[in-house]
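Here is the structure we will look at.
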Amino acid sequence: MLIKNARVVTWDEPNEILEDHAVWIDSGFIAEIGPSTELTSRHSDDEILDAHGQLLMPGNICAHTHFYGAFARGMAIPGHPPKDFPEILRKLWWPLDKSLTEEDVRYSALVCLVDAIKHGTTALIDHHASPNFIDGSLDVISEALTESGMRGVLCYEVTDRDGEEKAQAGIEENVRFIERCRDERVAGGRVAATFGLHASLTLSERTLELCRSAATEGTGFHIHVAEHEVDEVDSLEKSGKRVVNRLNDHGILGEKTIVAHAIHVDEREVELLAESGTWVTHQPRSNMNNGVGVADVESLMRAGVKVCLGNDGFSNAMWEEWKAAYLLHKVWNRDPRRMPGDVLTRMAVRHNAELAQQFFPEGALGKIVSGAHADLILVDYHPTTPLSGGNLPWHILFGFNESMVTSTIVAGKILMRERELLTLDEEQITARSRELASTVWERYQTYVPKD
């Protein structure tokens with residue numbers, strides 16, 4: 001396929017915007033970039049997508065999300081509102097994940113994938129939980145990814161909160177799916193796996209040991225860390241160590257491990273994250289919503305920690321997450337110099353792409369260069385001020401919105417053309433998810449603790 005008449009945003013270093021350029025895609029990868037007239041003359045027999053002067057950009061990547069939370073939107077929590085994050089877990093998320101059946105898991109994923117395609121997010125790293133449907137749950141989500149055409153990394157969160165038997169089932173689901181992804185190209189190679197852990201606060205020493213021993217050499221982990229102070233307090237009570245130290249001693253950290261949040265870590269924990277090459281993800285909208293504080297992202301990055309941007313289950317409109325991060329750090333620190341656009345771009349574009357490439361190493365992600373995965377979006381943005389490769393981050397922050405995404409492409413396949421979804425039936429998915437959500441909410445009432 002040839003995409004012509006585009007303003008190509010390379011997101012390479014340095015970033016460039018190539019006027020009136022074309023991109024030729026072959027076998028799911030970017031094969032050639034050049035002036036539209038030149039490439040059109042050479043590839044006139046291929047399928048042609050005319051960008052009509054729109055921006056052609058790499059698709060957005062989400063470094064940490066939860067598909068399973070899709071049915072929480074609008075759901076009432078009975079009794080008094082949760083007063084802190086531990087109560088939010090007990091009154092909202094843990095009763096909700098218990099309420100999910102196989103079909104609920106499928107449609108939760110489909111709802112999020114529709115949202116991602118429409119909003120220009122082409123790859124997502126998911127962290128799943130459904131304690132009453134563990135075995136095969138990752139296959140169900142991978143089937144949704146296969147149907148949608150999207151790219152994703154999956155895991156199941158192991159936890160002790162539902163008992164030893166279900167903790168073991170979670171371990172086995174991770175191991176099984178990791179082996180499946182190693183033995184076959186799931187969804188044509190668009191689905192990868194890692195090993196999910198909930199958080200230190202719901203994991204015993206024995207369970208951590210079992211997870212580490214079950215994971216084969218080279219396997220990374222995906223775990224929440226120090227999202228709230230209770231995680232550190234619990235770790236000190238269990239092991240006499242802070243969370244990152246505890247995980248490091250269990251061999252959990254490393255270049256393929258993802259730590260979500262890292263808000264309440266101390267200086268030595270930051271050093272361990274940097275020394276081990278562990279990835280950290282920042283979720284500003286979620287942190288604000290849960291009232292848990294703000295990770296010192298800029299200090300983490302100065303210390304050498306690779307910080308990425310996720311959404312923690314909020315909408316897959318990643319530019320909204322950009323804007324939240326840009327503003328939150330300014331007000332939190334009462335300093336308008338904090339979280340400048342170039343630092344934000346390093347986190348949301350470069351680090352997210354480098355993390356995703358750990359799982360999809362066949363080509364670059366997050367940039368338009370020869371040999372990169374053809375995960376692309378067209379953006380109908382017509383600036384009223386000069387636009388350049390250097391000032392693009394500030395145009396995104398103050399001018400972009402997700403309704404400007406007109407087409408979404410993953411691995412060279414068009415998933416949305418001119419705002420029309422081609423792989424998923426949004427109307428059917430919306431209608432069925434609304435039916436399913438009502439029964440999920442009924443089951444939730446049986447699990448939620450009463451005040």
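Naming scheme: A, B, ... for chains in displayed order of the structure tokens; residues 1 onward per chain; ligands 1 onward as shown.
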
Worksheet item: Where does DSSP see alpha helix (DSSP H) in region 51-217 of chain A, if you list the residues as a PyMOL selection string?
Response: chain A and resi 85-88+94-98+102-118+137-148+164-183+205-214

Item to complete: Assign secondary structure with DSSP using the backbone only, and return the residues of region 299-352 of chain A in strand (DSSP E) as a PyMOL selection string.
Response: chain A and resi 306-309

The selected residues should be written to file as a PDB file, in the first residue's frame (atoms: N, CA and C atoms).
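Final file, again19.pdb:
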ATOM      1  N   LYS A 306      13.700   4.777  32.892  1.00  0.00           N
ATOM      2  CA  LYS A 306      12.956   4.921  31.640  1.00  0.00           C
ATOM      3  C   LYS A 306      11.461   4.995  31.972  1.00  0.00           C
ATOM      4  N   VAL A 307      10.922   6.209  31.959  1.00  0.00           N
ATOM      5  CA  VAL A 307       9.522   6.428  32.320  1.00  0.00           C
ATOM      6  C   VAL A 307       8.683   6.521  31.050  1.00  0.00           C
ATOM      7  N   CYS A 308       7.574   5.793  31.040  1.00  0.00           N
ATOM      8  CA  CYS A 308       6.647   5.756  29.908  1.00  0.00           C
ATOM      9  C   CYS A 308       5.291   6.321  30.337  1.00  0.00           C
ATOM     10  N   LEU A 309       4.375   6.428  29.391  1.00  0.00           N
ATOM     11  CA  LEU A 309       3.051   6.986  29.670  1.00  0.00           C
ATOM     12  C   LEU A 309       1.984   5.927  29.417  1.00  0.00           C
TER      13      LEU A 309
END

Worksheet entry | Selection: 9 Å around Ser433 (chain A), only C-alpha atoms, excl. self and same-chain fewer than 5 positions, as number ranges by chain | A: 71, 104, 107-108, 110-111, 428, 438

Set the distance at 10 Å and use only C-alpha atoms: which residues neighbour Ala348 (chain A) once local chain neighbours fewer than 3 positions away are removed? I'd like the list as a CSV table (one decimal) with N, CA and C atoms, in the first residue's frame.
chain,number,residue,atom,x,y,z
A,60,ASN,N,-0.2,6.2,18.4
A,60,ASN,CA,0.1,6.3,19.8
A,60,ASN,C,0.2,4.9,20.5
A,61,ILE,N,1.0,4.9,21.6
A,61,ILE,CA,1.2,3.6,22.3
A,61,ILE,C,0.8,3.9,23.8
A,62,CYS,N,0.1,2.9,24.4
A,62,CYS,CA,-0.3,3.0,25.8
A,62,CYS,C,0.5,2.0,26.6
A,63,ALA,N,1.3,2.4,27.5
A,63,ALA,CA,2.3,1.6,28.2
A,63,ALA,C,1.6,0.8,29.4
A,281,THR,N,5.8,3.2,34.4
A,281,THR,CA,4.8,3.9,33.6
A,281,THR,C,4.1,4.9,34.5
A,282,HIS,N,3.7,6.1,33.9
A,282,HIS,CA,3.1,7.2,34.6
A,282,HIS,C,1.7,7.3,34.1
A,307,VAL,N,10.9,6.2,32.0
A,307,VAL,CA,9.5,6.4,32.3
A,307,VAL,C,8.7,6.5,31.0
A,308,CYS,N,7.6,5.8,31.0
A,308,CYS,CA,6.6,5.8,29.9
A,308,CYS,C,5.3,6.3,30.3
A,309,LEU,N,4.4,6.4,29.4
A,309,LEU,CA,3.1,7.0,29.7
A,309,LEU,C,2.0,5.9,29.4
A,310,GLY,N,1.1,5.7,30.4
A,310,GLY,CA,0.0,4.8,30.3
A,310,GLY,C,-1.3,5.5,30.6
A,318,MET,N,-4.7,9.0,24.0
A,318,MET,CA,-3.5,9.2,24.7
A,318,MET,C,-3.0,10.7,24.8
A,319,TRP,N,-3.5,11.5,23.8
A,319,TRP,CA,-3.2,12.9,23.9
A,319,TRP,C,-3.8,13.6,25.1
A,321,GLU,N,-3.9,12.1,27.9
A,321,GLU,CA,-3.0,11.8,29.0
A,321,GLU,C,-1.8,12.7,28.9
A,322,TRP,N,-1.3,13.1,27.7
A,322,TRP,CA,-0.3,14.1,27.5
A,322,TRP,C,-0.7,15.4,28.3
A,342,ASP,N,9.1,18.9,25.7
A,342,ASP,CA,10.1,18.0,25.1
A,342,ASP,C,10.3,16.8,26.1
A,343,VAL,N,10.3,17.0,27.4
A,343,VAL,CA,10.4,15.9,28.3
A,343,VAL,C,9.2,15.0,28.2
A,344,LEU,N,8.0,15.5,28.0
A,344,LEU,CA,6.8,14.7,27.9
A,344,LEU,C,6.9,13.9,26.6
A,345,THR,N,7.4,14.5,25.5
A,345,THR,CA,7.6,13.7,24.3
A,345,THR,C,8.5,12.6,24.4
A,351,HIS,N,10.1,6.7,24.8
A,351,HIS,CA,10.2,5.6,25.8
A,351,HIS,C,9.1,4.6,25.5
A,352,ASN,N,7.9,5.1,25.2
A,352,ASN,CA,6.8,4.1,25.0
A,352,ASN,C,7.1,3.2,23.8
A,353,ALA,N,7.7,3.8,22.8
A,353,ALA,CA,8.1,3.1,21.6
A,353,ALA,C,9.2,2.1,21.9
A,366,GLY,N,6.9,3.6,16.8
A,366,GLY,CA,6.8,5.0,17.2
A,366,GLY,C,7.6,5.9,16.4

Discussion item. At a cut-off of 12 Å, using only C-alpha atoms, what residues contact Thr159 (chain A)? Leave out same-chain residues fewer than 4 positions from it and give the result as a PyMOL selection string.
Written reply: chain A and resi 94+128-131+134+163-171+196-208+210-211+223-224

Worksheet item: Neighbours of Ile3 (chain A) within 12 Å (only C-alpha atoms; same-chain residues fewer than 5 positions away dropped), as a ChimeraX atom specification?
Response: /A:8,20-26,30-37,39-40,43-44,46-57,374,376-378,407,409,412-414

Dump as a compact mmCIF listing (two decimals), in the first residue's frame, selection limited to N, CA and C atoms:
# COMPACT_ATOMS: atom_id res chain seq x y z
N VAL A 8 4.45 14.02 6.54
CA VAL A 8 4.93 12.87 7.31
C VAL A 8 5.69 13.34 8.55
N ASP A 20 4.42 16.94 1.64
CA ASP A 20 4.04 16.28 0.38
C ASP A 20 4.88 15.03 0.14
N HIS A 21 4.91 14.16 1.13
CA HIS A 21 5.65 12.91 1.04
C HIS A 21 4.71 11.71 1.00
N ALA A 22 5.28 10.59 0.68
CA ALA A 22 4.54 9.33 0.62
C ALA A 22 5.30 8.26 1.39
N VAL A 23 4.55 7.25 1.83
CA VAL A 23 5.13 6.11 2.53
C VAL A 23 4.63 4.84 1.86
N TRP A 24 5.57 3.99 1.45
CA TRP A 24 5.20 2.71 0.85
C TRP A 24 5.34 1.61 1.89
N ILE A 25 4.28 0.82 2.06
CA ILE A 25 4.22 -0.24 3.07
C ILE A 25 4.25 -1.59 2.37
N ASP A 26 5.09 -2.49 2.87
CA ASP A 26 5.20 -3.83 2.30
C ASP A 26 5.27 -4.84 3.43
N ILE A 30 7.20 -0.41 7.02
CA ILE A 30 7.50 0.73 6.16
C ILE A 30 8.72 0.38 5.32
N ALA A 31 8.53 0.37 4.01
CA ALA A 31 9.61 -0.04 3.12
C ALA A 31 10.33 1.15 2.49
N GLU A 32 9.60 2.25 2.31
CA GLU A 32 10.21 3.37 1.59
C GLU A 32 9.47 4.66 1.95
N ILE A 33 10.22 5.76 2.02
CA ILE A 33 9.67 7.09 2.28
C ILE A 33 10.28 8.03 1.26
N GLY A 34 9.45 8.87 0.64
CA GLY A 34 9.99 9.80 -0.34
C GLY A 34 8.93 10.76 -0.84
N PRO A 35 9.29 11.69 -1.72
CA PRO A 35 8.33 12.64 -2.28
C PRO A 35 7.17 11.90 -2.95
N SER A 36 5.97 12.44 -2.83
CA SER A 36 4.77 11.77 -3.35
C SER A 36 4.88 11.47 -4.83
N THR A 37 5.32 12.43 -5.63
CA THR A 37 5.37 12.21 -7.08
C THR A 37 6.32 11.06 -7.42
N LEU A 39 7.35 8.42 -5.44
CA LEU A 39 6.89 7.09 -5.04
C LEU A 39 5.62 6.68 -5.78
N THR A 40 4.75 7.64 -6.11
CA THR A 40 3.53 7.31 -6.84
C THR A 40 3.86 6.76 -8.22
N HIS A 43 4.96 3.09 -7.66
CA HIS A 43 4.05 2.13 -7.01
C HIS A 43 2.60 2.40 -7.40
N SER A 44 2.38 2.78 -8.64
CA SER A 44 1.03 3.15 -9.09
C SER A 44 0.07 1.96 -9.12
N ASP A 46 -0.09 -0.38 -6.78
CA ASP A 46 -0.45 -0.80 -5.41
C ASP A 46 -1.71 -0.08 -4.94
N GLU A 47 -2.29 -0.60 -3.85
CA GLU A 47 -3.40 0.12 -3.21
C GLU A 47 -2.89 1.48 -2.77
N ILE A 48 -3.68 2.53 -3.05
CA ILE A 48 -3.25 3.89 -2.72
C ILE A 48 -4.23 4.52 -1.74
N LEU A 49 -3.69 5.07 -0.66
CA LEU A 49 -4.47 5.84 0.30
C LEU A 49 -4.01 7.28 0.19
N ASP A 50 -4.90 8.15 -0.23
CA ASP A 50 -4.56 9.57 -0.41
C ASP A 50 -4.80 10.31 0.90
N ALA A 51 -3.73 10.88 1.45
CA ALA A 51 -3.85 11.59 2.73
C ALA A 51 -4.42 12.98 2.57
N HIS A 52 -4.46 13.52 1.36
CA HIS A 52 -5.01 14.85 1.10
C HIS A 52 -4.41 15.91 2.02
N GLY A 53 -3.10 15.81 2.24
CA GLY A 53 -2.41 16.83 3.02
C GLY A 53 -2.49 16.66 4.53
N GLN A 54 -3.09 15.57 5.02
CA GLN A 54 -3.15 15.35 6.47
C GLN A 54 -1.78 14.96 7.01
N LEU A 55 -1.63 15.08 8.32
CA LEU A 55 -0.43 14.60 8.99
C LEU A 55 -0.47 13.07 9.04
N LEU A 56 0.60 12.43 8.61
CA LEU A 56 0.77 11.00 8.77
C LEU A 56 1.77 10.80 9.90
N MET A 57 1.31 10.15 10.99
CA MET A 57 2.12 10.03 12.20
C MET A 57 2.18 8.57 12.65
N ALA A 374 4.50 -0.72 10.39
CA ALA A 374 3.59 0.25 9.77
C ALA A 374 2.35 0.43 10.64
N LEU A 376 0.31 3.35 11.96
CA LEU A 376 0.24 4.74 11.55
C LEU A 376 -1.15 5.31 11.74
N ILE A 377 -1.22 6.64 11.86
CA ILE A 377 -2.51 7.34 11.91
C ILE A 377 -2.46 8.57 11.01
N LEU A 378 -3.61 8.93 10.47
CA LEU A 378 -3.76 10.18 9.74
C LEU A 378 -4.52 11.16 10.62
N SER A 407 -7.87 8.13 10.14
CA SER A 407 -7.56 6.76 9.72
C SER A 407 -6.52 6.16 10.66
N ILE A 409 -3.99 2.64 11.10
CA ILE A 409 -3.38 1.51 10.38
C ILE A 409 -2.46 0.77 11.35
N GLY A 412 0.30 -2.34 8.63
CA GLY A 412 -0.03 -2.13 7.23
C GLY A 412 -1.48 -2.37 6.87
N LYS A 413 -2.33 -2.72 7.84
CA LYS A 413 -3.74 -2.96 7.57
C LYS A 413 -4.57 -1.79 8.08
N ILE A 414 -5.48 -1.31 7.24
CA ILE A 414 -6.33 -0.17 7.62
C ILE A 414 -7.45 -0.67 8.53

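Closest approach to Glu275 (chain A) among A:Glu232, A:Arg90, A:Val244, A:Asp296 is made by A:Val244 (distances from only C-alpha atoms).
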
Worksheet item: Hey, can you check how far CA of Arg246 (chain A) sits from CA of Val259 (chain A)?
Response: 13.3 Å

Item to complete: Tell me, as a ChimeraX atom specification, which residues lie within 10 Å of Leu422 (chain A), counting only C-alpha atoms; anything in the same chain fewer than 3 positions away does not count.
Response: /A:148-149,408,413-417,419,425-426

Export, as a short mmCIF file (atom, residue, chain, number, x, y, z; two decimals), in the first residue's frame, the selected residues with C-alpha atoms.
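Below you can see part-v5.cif, which holds the result:
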data_model
loop_
_atom_site.label_atom_id
_atom_site.label_comp_id
_atom_site.auth_asym_id
_atom_site.auth_seq_id
_atom_site.Cartn_x
_atom_site.Cartn_y
_atom_site.Cartn_z
CA SER A 148 -9.59 -5.81 15.72
CA GLY A 149 -6.20 -5.89 13.98
CA THR A 408 -5.75 4.13 11.79
CA LYS A 413 -3.74 -2.96 7.57
CA ILE A 414 -6.33 -0.17 7.62
CA LEU A 415 -8.51 -0.52 10.73
CA MET A 416 -10.32 2.80 10.30
CA ARG A 417 -10.61 4.79 7.07
CA ARG A 419 -13.49 7.66 10.58
CA ASP A 425 -18.77 -3.45 14.44
CA GLU A 426 -19.03 -0.58 16.91
#

Item to complete: Using only C-alpha atoms, pick whichever of A:Asp266, A:Asp249, A:Asp126, A:Glu179 has the shortest atom-to-atom distance to Glu157 (chain A).
Response: A:Asp126

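Across the model, the gap from CA of Thr122 (chain A) to CA of Met404 (chain A) is 15.3 Å.
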
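Pairwise distance (CA of Glu298 (chain A), CA of Leu387 (chain A)) equals 26.3 Å.
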
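For the set A:Glu13, A:Leu236, A:Gly220, A:Ala295, the residue with the smallest atom-to-atom gap to Gly277 (chain A) is A:Gly220, counting only C-alpha atoms.
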
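In this comparison, which uses only C-alpha atoms, the residue of A:Thr384, A:Gln358, A:Glu87, A:Leu327 approaching Val153 (chain A) most closely is A:Gln358.
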